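One file, model.txt, is given below (compact mmCIF, C-alpha atoms).
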# COMPACT_ATOMS: atom_id res chain seq x y z
CA MET A 1 -8.52 -0.16 -20.99
CA THR A 2 -5.78 0.29 -23.57
CA TRP A 3 -2.49 2.00 -22.74
CA THR A 4 -3.43 4.85 -25.13
CA VAL A 5 -6.65 5.50 -23.23
CA HIS A 6 -4.78 5.17 -19.95
CA THR A 7 -2.24 7.80 -21.06
CA CYS A 8 -5.03 10.15 -22.18
CA LEU A 9 -6.72 9.83 -18.80
CA ILE A 10 -3.49 10.66 -17.00
CA THR A 11 -2.98 13.70 -19.24
CA LEU A 12 -6.58 14.82 -18.67
CA ALA A 13 -6.17 14.45 -14.93
CA ILE A 14 -3.07 16.66 -14.95
CA LEU A 15 -4.82 19.28 -17.06
CA CYS A 16 -7.73 19.29 -14.62
CA VAL A 17 -5.31 19.89 -11.79
CA TRP A 18 -3.83 22.81 -13.73
CA GLN A 19 -7.24 24.30 -14.29
CA ALA A 20 -8.47 23.86 -10.74
CA GLU A 21 -5.09 24.71 -9.22
CA VAL A 22 -5.76 22.41 -6.31
CA ALA A 23 -2.71 20.91 -4.63
CA GLU A 24 -3.52 17.52 -3.16
CA THR A 25 -1.23 14.82 -1.89
CA CYS A 26 0.49 12.90 -4.69
CA ARG A 27 -0.89 9.39 -4.75
CA CYS A 28 0.31 6.79 -7.20
CA MET A 29 1.15 3.14 -6.81
CA ARG A 30 2.18 1.65 -10.11
CA HIS A 31 4.27 -1.29 -11.18
CA PRO A 32 7.45 -0.27 -13.10
CA GLN A 33 6.08 -1.97 -16.22
CA GLU A 34 2.95 0.20 -16.03
CA GLN A 35 5.17 3.26 -15.73
CA PHE A 36 7.07 2.16 -18.82
CA CYS A 37 4.06 1.28 -20.96
CA SER A 38 2.04 4.42 -20.18
CA ALA A 39 4.94 6.80 -20.90
CA ASP A 40 5.57 8.61 -24.17
CA VAL A 41 9.32 8.49 -23.59
CA VAL A 42 11.68 6.30 -21.55
CA LEU A 43 15.36 7.17 -21.53
CA LYS A 44 18.66 7.06 -19.73
CA ALA A 45 19.90 10.57 -19.12
CA LYS A 46 22.48 12.55 -17.19
CA VAL A 47 21.19 15.61 -15.34
CA LEU A 48 23.42 18.57 -16.18
CA GLY A 49 21.74 21.36 -14.23
CA GLY A 50 18.57 23.23 -13.41
CA LEU A 51 16.60 25.91 -15.21
CA LYS A 52 14.55 28.84 -14.00
CA VAL A 53 11.08 28.06 -12.68
CA VAL A 54 8.41 28.62 -15.34
CA ARG A 55 4.64 28.85 -15.30
CA ALA A 56 2.55 26.00 -16.68
CA LYS A 57 0.69 26.97 -19.84
CA HIS A 58 -2.63 25.99 -18.24
CA GLY A 59 -3.21 27.76 -14.92
CA SER A 60 -0.63 29.35 -12.69
CA LEU A 61 1.14 26.30 -11.28
CA SER A 62 4.93 26.31 -11.48
CA LEU A 63 7.26 23.94 -13.26
CA LYS A 64 10.99 23.54 -12.83
CA GLY A 65 13.17 22.41 -15.67
CA TYR A 66 16.33 20.33 -15.88
CA ASN A 67 18.91 20.31 -18.65
CA ILE A 68 19.82 16.74 -19.49
CA GLU A 69 22.14 14.81 -21.75
CA GLU A 70 20.22 11.95 -23.31
CA LEU A 71 22.42 8.85 -23.22
CA LYS A 72 20.06 6.17 -24.54
CA SER A 73 16.42 5.99 -25.61
CA PHE A 74 14.34 2.93 -24.72
CA LYS A 75 10.96 4.14 -25.91
CA GLY A 76 9.26 6.80 -27.91
CA ASN A 77 11.38 9.75 -28.87
CA CYS A 78 12.71 10.21 -32.39
CA ILE A 79 14.55 13.43 -31.51
CA LYS A 80 17.07 14.15 -28.79
CA ILE A 81 15.59 15.40 -25.52
CA HIS A 82 17.56 18.23 -23.90
CA THR A 83 15.11 19.47 -21.26
CA ILE A 84 12.56 17.87 -18.93
CA TYR A 85 10.01 19.54 -16.65
CA THR A 86 8.34 18.63 -13.37
CA PHE A 87 6.03 20.36 -10.90
CA THR A 88 7.83 22.33 -8.21
CA THR A 89 5.93 20.65 -5.37
CA SER A 90 5.94 17.02 -4.27
CA SER A 91 2.20 17.26 -3.56
CA LEU A 92 1.70 17.37 -7.35
CA CYS A 93 4.16 14.49 -7.84
CA GLY A 94 7.08 16.81 -8.61
CA ILE A 95 10.58 15.37 -8.31
CA THR A 96 14.04 16.63 -7.40
CA LEU A 97 17.03 15.33 -9.37
CA LYS A 98 20.72 15.39 -8.51
CA TYR A 99 23.09 17.17 -10.86
CA ASN A 100 25.80 15.19 -12.67
CA THR A 101 23.87 11.99 -11.99
CA GLU A 102 22.57 9.39 -14.46
CA TYR A 103 18.90 8.40 -14.26
CA LEU A 104 16.34 6.15 -15.84
CA LEU A 105 13.41 8.50 -16.59
CA SER A 106 9.99 8.18 -18.14
CA GLY A 107 7.65 11.00 -19.10
CA SER A 108 4.78 12.25 -21.23
CA PHE A 109 4.51 15.26 -23.52
CA LEU A 110 2.21 18.09 -22.39
CA ASP A 111 2.12 21.31 -24.39
CA GLY A 112 5.33 20.34 -26.13
CA ARG A 113 7.23 19.78 -22.88
CA LEU A 114 8.40 16.42 -21.58
CA HIS A 115 6.82 16.15 -18.17
CA VAL A 116 8.34 13.84 -15.53
CA SER A 117 6.77 12.94 -12.19
CA SER A 118 7.16 10.60 -9.24
CA CYS A 119 4.38 8.46 -10.75
CA GLY A 120 6.77 7.54 -13.56
CA LEU A 121 10.14 5.82 -13.70
CA VAL A 122 12.65 7.93 -11.78
CA ARG A 123 15.60 5.77 -10.76
CA GLN A 124 19.29 6.48 -10.41
CA TRP A 125 20.85 4.30 -13.08
CA ASP A 126 23.51 2.77 -10.86
CA THR A 127 20.85 1.50 -8.40
CA LEU A 128 19.01 -0.62 -11.00
CA THR A 129 19.37 -4.39 -10.82
CA ASP A 130 20.28 -6.43 -13.90
CA SER A 131 16.67 -7.64 -14.06
CA GLN A 132 15.32 -4.10 -13.99
CA ARG A 133 17.63 -3.04 -16.79
CA GLU A 134 16.60 -6.08 -18.83
CA GLY A 135 12.96 -5.09 -18.27
CA VAL A 136 13.55 -1.60 -19.63
CA VAL A 137 15.62 -2.75 -22.58
CA SER A 138 13.25 -5.46 -23.84
CA GLN A 139 10.89 -7.22 -21.44
CA TYR A 140 8.51 -4.44 -20.38
CA GLU A 141 7.58 -3.40 -23.90
CA GLN A 142 6.79 -6.98 -24.90
CA GLY A 143 4.12 -7.05 -22.21
CA CYS A 144 2.47 -3.71 -22.94
CA GLY A 145 -0.46 -5.55 -24.50
CA CYS A 146 -1.20 -7.08 -21.10
CA LYS A 147 -3.06 -5.43 -18.26
CA ILE A 148 -1.69 -5.27 -14.72
CA THR A 149 -4.62 -5.44 -12.31
CA HIS A 150 -4.11 -4.00 -8.85
CA CYS A 151 -5.48 -6.05 -5.99
CA TYR A 152 -6.48 -4.06 -2.92
CA SER A 153 -7.87 -7.02 -1.00
CA TRP A 154 -7.23 -10.75 -0.99
CA PRO A 155 -8.35 -13.08 -2.48
CA CYS A 156 -8.31 -11.37 -5.87
CA ALA A 157 -9.22 -12.83 -9.25
CA ALA A 158 -8.40 -11.80 -12.81
CA ARG A 159 -11.29 -11.03 -15.16
CA SER A 160 -9.47 -12.29 -18.24
CA SER A 161 -6.41 -14.30 -19.24
CA ALA A 162 -4.77 -11.07 -20.48
CA GLU A 163 -4.30 -9.75 -16.93
CA CYS A 164 -1.54 -10.07 -14.36
CA LEU A 165 -2.57 -9.62 -10.74
CA TRP A 166 -0.39 -7.33 -8.64
CA GLY A 167 -0.79 -6.81 -4.93
CA ASN A 168 -2.51 -10.01 -3.95
CA GLU A 169 -0.53 -11.60 -1.14
CA PRO A 170 0.74 -14.90 -2.65
CA THR A 171 1.85 -13.37 -5.96
CA GLU A 172 3.40 -10.31 -4.35
CA ILE A 173 5.59 -12.44 -2.12
CA LYS A 174 6.86 -14.35 -5.17
CA LEU A 175 7.38 -11.19 -7.23
CA PHE A 176 9.39 -9.27 -4.67
CA GLY A 177 11.27 -12.01 -2.85
CA LYS A 178 15.05 -11.71 -2.99
CA ARG A 179 15.46 -14.66 -5.36
CA THR A 180 12.55 -13.85 -7.64
CA ILE A 181 12.85 -10.10 -8.26
CA GLY A 182 12.63 -9.10 -11.89
CA TYR A 183 9.36 -10.58 -13.13
CA THR A 184 7.42 -8.80 -15.86
CA CYS A 185 3.85 -9.21 -17.04
CA THR A 186 4.51 -11.13 -20.26
CA MET A 187 2.21 -12.02 -23.15
CA LYS A 188 2.70 -15.66 -24.04
CA SER A 189 2.24 -17.36 -27.41
CA ASP A 190 -1.42 -18.12 -26.68
CA LYS A 191 -2.05 -14.39 -25.97
CA SER A 192 -2.51 -15.01 -22.25
CA CYS A 193 -0.44 -13.01 -19.75
CA ALA A 194 1.56 -14.11 -16.73
CA TRP A 195 4.38 -12.93 -14.48
CA CYS A 196 7.52 -14.30 -16.14
CA LYS A 197 11.27 -13.85 -16.27
CA ASN A 198 14.14 -15.11 -18.40
CA GLY A 199 12.38 -14.18 -21.63
CA GLY A 200 9.12 -15.82 -20.63
CA LYS A 201 10.62 -19.21 -19.76
CA ASP A 202 9.95 -19.08 -16.01
CA CYS A 203 6.41 -18.00 -15.13
CA ILE A 204 4.34 -17.79 -11.98
CA VAL A 205 0.97 -19.51 -11.95
CA ALA A 206 -1.19 -17.20 -9.82
Representation of the structure as structure tokens:
Amino acid sequence: MTWTVHTCLITLAILCVWQAEVAETCRCMRHPQEQFCSADVVLKAKVLGGLKVVRAKHGSLSLKGYNIEELKSFKGNCIKIHTIYTFTTSSLCGITLKYNTEYLLSGSFLDGRLHVSSCGLVRQWDTLTDSQREGVVSQYEQGCGCKITHCYSWPCAARSSAECLWGNEPTEIKLFGKRTIGYTCTMKSDKSCAWCKNGGKDCIVA
């Protein structure tokens, strides 16, 4: 499944929620690189304040807006973003942001509004590690042609060389250990994909 199709499916799912107006528990487990690659926009921004609650254009669900100062764009937008929107409830993956605080944010456009949710990148900028910042600046985008496959049971096997397994026990320990944090799913010169760091020089063989 391509990232474009993946983004369309996410958008369709949100629209279906708007139409049905059914509030279920927000469920999303996604690697930060998936959050980056599936987003229309990724940026560093300072939250200036909140806006009045507005109605979504499809259905009667409510959105809250935030005024932001865009500090740096990492993906997608060719115009300055001044406002972002999110659902008012956490059950629909809505988020709450602190005023006068800098964030890394990712979002997708719906009805002309930049929509941000807890299924995307929502991180206070000063809490990011150097590796995470490097991923956002350059590494994540280089691996957007790869597919991150979620493993819900172990052992787990990739279906093609263009996949990186995430969630299987041995790889997960290596990915999130204190000394190995910061790996990204990287496409190598032979078009295969692997968890790598340091610009693809150090890779994990799953």
- Mind listing as a list in words all residues within 9 Å of (22.1, 10.6, -24.8), counting only C-alpha atoms? Leu43, Lys44, Ala45, Lys46, Ile68, Glu69, Glu70, Leu71, Lys72, Ser73, Lys80, Ile81 and His82 of chain A
- Neighbours of range 117-124 of chain A within 10 Å (only C-alpha atoms; same-chain residues fewer than 4 positions away dropped), as JSON, numbers by chain? {"A": [26, 27, 28, 29, 30, 31, 32, 33, 34, 35, 36, 38, 39, 42, 43, 44, 45, 46, 85, 86, 87, 90, 92, 93, 94, 95, 96, 97, 98, 101, 102, 103, 104, 105, 106, 107, 108, 128]}
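Atom pair CA of Asn67 in chain A / CA of Gly49 in chain A has a distance of 5.4 Å (rounded to one decimal).
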- Query: Could you state the separation of CA of Val47 in chain A and CA of Gln142 in chain A in Å, given to one decimal place?
  - Reply: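 Rounded to one decimal, the two atoms are 28.4 Å apart.
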- Item | Residue contacts of Met187 in chain A (8 Å, all atoms listed in the file) excluding same-chain residues fewer than 5 positions away, as a VMD selection string | chain A and resid 142 to 143 145 to 146 162 192 to 194
Given 4 Å of margin on each side, can you work out the centre and size in Å (one decimal) of an axis-aligned box holding every listed atom of range 65-82 of chain A, as AutoDock Vina command-line options?
--center_x 15.8 --center_y 12.7 --center_z -24.0 --size_x 21.2 --size_y 27.5 --size_z 24.7
- Of the candidates A:Tyr99, A:Thr186, A:Lys64, A:Ala56, which shows the shortest atom-to-atom distance to Asp111 in chain A, using all atoms listed in the file?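 Result for the nearest residue to Asp111 in chain A: A:Ala56.
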- Task: Using all atoms listed in the file, find the one residue out of A:Asp130, A:Ser91, A:Tyr152, A:Val116 that sits nearest to Lys197 in chain A.
- Result: A:Asp130
- Task: Provide the CA of Gln139 in chain A to CA of Cys37 in chain A distance in Å, to one decimal place.
- Result: 10.9 Å
- Item | Who sits within 10 Å of Asn198 in chain A, all atoms listed in the file, same chain under 2 positions skipped, as an NGL selection string | :A and (131 or 134 or 139 or 182-184 or 196 or 200-203)
Could you add N, CA, C and O atoms to range 179-200 of chain A and give me the result as a PDB file, keeping the file's coordinate frame?
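Just written: result.pdb:
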ATOM      1  N   ARG A 179      15.011 -13.775  -4.273  1.00  0.00           N
ATOM      2  CA  ARG A 179      15.460 -14.660  -5.360  1.00  0.00           C
ATOM      3  C   ARG A 179      14.584 -14.583  -6.591  1.00  0.00           C
ATOM      4  O   ARG A 179      14.911 -15.167  -7.621  1.00  0.00           O
ATOM      5  N   THR A 180      13.468 -13.866  -6.501  1.00  0.00           N
ATOM      6  CA  THR A 180      12.550 -13.850  -7.640  1.00  0.00           C
ATOM      7  C   THR A 180      12.275 -12.447  -8.158  1.00  0.00           C
ATOM      8  O   THR A 180      11.343 -12.246  -8.912  1.00  0.00           O
ATOM      9  N   ILE A 181      13.071 -11.457  -7.770  1.00  0.00           N
ATOM     10  CA  ILE A 181      12.850 -10.100  -8.260  1.00  0.00           C
ATOM     11  C   ILE A 181      13.132 -10.047  -9.754  1.00  0.00           C
ATOM     12  O   ILE A 181      14.003 -10.749 -10.254  1.00  0.00           O
ATOM     13  N   GLY A 182      12.368  -9.259 -10.469  1.00  0.00           N
ATOM     14  CA  GLY A 182      12.630  -9.100 -11.890  1.00  0.00           C
ATOM     15  C   GLY A 182      11.570  -9.685 -12.801  1.00  0.00           C
ATOM     16  O   GLY A 182      11.792  -9.781 -14.005  1.00  0.00           O
ATOM     17  N   TYR A 183      10.429 -10.073 -12.271  1.00  0.00           N
ATOM     18  CA  TYR A 183       9.360 -10.580 -13.130  1.00  0.00           C
ATOM     19  C   TYR A 183       8.679  -9.448 -13.882  1.00  0.00           C
ATOM     20  O   TYR A 183       8.572  -8.332 -13.392  1.00  0.00           O
ATOM     21  N   THR A 184       8.206  -9.752 -15.084  1.00  0.00           N
ATOM     22  CA  THR A 184       7.420  -8.800 -15.860  1.00  0.00           C
ATOM     23  C   THR A 184       6.133  -9.483 -16.315  1.00  0.00           C
ATOM     24  O   THR A 184       6.087 -10.709 -16.461  1.00  0.00           O
ATOM     25  N   CYS A 185       5.115  -8.685 -16.532  1.00  0.00           N
ATOM     26  CA  CYS A 185       3.850  -9.210 -17.040  1.00  0.00           C
ATOM     27  C   CYS A 185       4.039  -9.472 -18.530  1.00  0.00           C
ATOM     28  O   CYS A 185       4.145  -8.537 -19.324  1.00  0.00           O
ATOM     29  N   THR A 186       4.091 -10.728 -18.915  1.00  0.00           N
ATOM     30  CA  THR A 186       4.510 -11.130 -20.260  1.00  0.00           C
ATOM     31  C   THR A 186       3.353 -11.765 -21.028  1.00  0.00           C
ATOM     32  O   THR A 186       2.611 -12.581 -20.487  1.00  0.00           O
ATOM     33  N   MET A 187       3.215 -11.386 -22.290  1.00  0.00           N
ATOM     34  CA  MET A 187       2.210 -12.020 -23.150  1.00  0.00           C
ATOM     35  C   MET A 187       2.821 -13.264 -23.786  1.00  0.00           C
ATOM     36  O   MET A 187       3.831 -13.185 -24.490  1.00  0.00           O
ATOM     37  N   LYS A 188       2.198 -14.394 -23.536  1.00  0.00           N
ATOM     38  CA  LYS A 188       2.700 -15.660 -24.040  1.00  0.00           C
ATOM     39  C   LYS A 188       2.168 -15.951 -25.437  1.00  0.00           C
ATOM     40  O   LYS A 188       1.373 -15.190 -25.978  1.00  0.00           O
ATOM     41  N   SER A 189       2.595 -17.054 -26.020  1.00  0.00           N
ATOM     42  CA  SER A 189       2.240 -17.360 -27.410  1.00  0.00           C
ATOM     43  C   SER A 189       0.744 -17.550 -27.611  1.00  0.00           C
ATOM     44  O   SER A 189       0.224 -17.333 -28.710  1.00  0.00           O
ATOM     45  N   ASP A 190       0.024 -17.945 -26.567  1.00  0.00           N
ATOM     46  CA  ASP A 190      -1.420 -18.120 -26.680  1.00  0.00           C
ATOM     47  C   ASP A 190      -2.193 -16.850 -26.344  1.00  0.00           C
ATOM     48  O   ASP A 190      -3.418 -16.883 -26.168  1.00  0.00           O
ATOM     49  N   LYS A 191      -1.484 -15.706 -26.245  1.00  0.00           N
ATOM     50  CA  LYS A 191      -2.050 -14.390 -25.970  1.00  0.00           C
ATOM     51  C   LYS A 191      -2.499 -14.209 -24.519  1.00  0.00           C
ATOM     52  O   LYS A 191      -3.068 -13.172 -24.165  1.00  0.00           O
ATOM     53  N   SER A 192      -2.252 -15.191 -23.677  1.00  0.00           N
ATOM     54  CA  SER A 192      -2.510 -15.010 -22.250  1.00  0.00           C
ATOM     55  C   SER A 192      -1.316 -14.317 -21.616  1.00  0.00           C
ATOM     56  O   SER A 192      -0.227 -14.264 -22.205  1.00  0.00           O
ATOM     57  N   CYS A 193      -1.501 -13.761 -20.419  1.00  0.00           N
ATOM     58  CA  CYS A 193      -0.440 -13.010 -19.750  1.00  0.00           C
ATOM     59  C   CYS A 193      -0.134 -13.618 -18.391  1.00  0.00           C
ATOM     60  O   CYS A 193      -1.033 -14.115 -17.706  1.00  0.00           O
ATOM     61  N   ALA A 194       1.129 -13.572 -18.022  1.00  0.00           N
ATOM     62  CA  ALA A 194       1.560 -14.110 -16.730  1.00  0.00           C
ATOM     63  C   ALA A 194       2.838 -13.415 -16.302  1.00  0.00           C
ATOM     64  O   ALA A 194       3.555 -12.830 -17.116  1.00  0.00           O
ATOM     65  N   TRP A 195       3.116 -13.467 -14.997  1.00  0.00           N
ATOM     66  CA  TRP A 195       4.380 -12.930 -14.480  1.00  0.00           C
ATOM     67  C   TRP A 195       5.493 -13.901 -14.840  1.00  0.00           C
ATOM     68  O   TRP A 195       5.496 -15.052 -14.402  1.00  0.00           O
ATOM     69  N   CYS A 196       6.449 -13.433 -15.653  1.00  0.00           N
ATOM     70  CA  CYS A 196       7.520 -14.300 -16.140  1.00  0.00           C
ATOM     71  C   CYS A 196       8.868 -13.602 -16.054  1.00  0.00           C
ATOM     72  O   CYS A 196       8.954 -12.382 -15.951  1.00  0.00           O
ATOM     73  N   LYS A 197       9.913 -14.382 -16.138  1.00  0.00           N
ATOM     74  CA  LYS A 197      11.270 -13.850 -16.270  1.00  0.00           C
ATOM     75  C   LYS A 197      12.042 -14.748 -17.212  1.00  0.00           C
ATOM     76  O   LYS A 197      11.528 -15.757 -17.692  1.00  0.00           O
ATOM     77  N   ASN A 198      13.281 -14.358 -17.485  1.00  0.00           N
ATOM     78  CA  ASN A 198      14.140 -15.110 -18.400  1.00  0.00           C
ATOM     79  C   ASN A 198      13.495 -15.290 -19.767  1.00  0.00           C
ATOM     80  O   ASN A 198      13.447 -16.372 -20.337  1.00  0.00           O
ATOM     81  N   GLY A 199      12.965 -14.167 -20.297  1.00  0.00           N
ATOM     82  CA  GLY A 199      12.380 -14.180 -21.630  1.00  0.00           C
ATOM     83  C   GLY A 199      11.105 -14.997 -21.738  1.00  0.00           C
ATOM     84  O   GLY A 199      10.771 -15.489 -22.808  1.00  0.00           O
ATOM     85  N   GLY A 200      10.383 -15.111 -20.606  1.00  0.00           N
ATOM     86  CA  GLY A 200       9.120 -15.820 -20.630  1.00  0.00           C
ATOM     87  C   GLY A 200       9.228 -17.311 -20.352  1.00  0.00           C
ATOM     88  O   GLY A 200       8.240 -18.039 -20.446  1.00  0.00           O
TER      89      GLY A 200
END
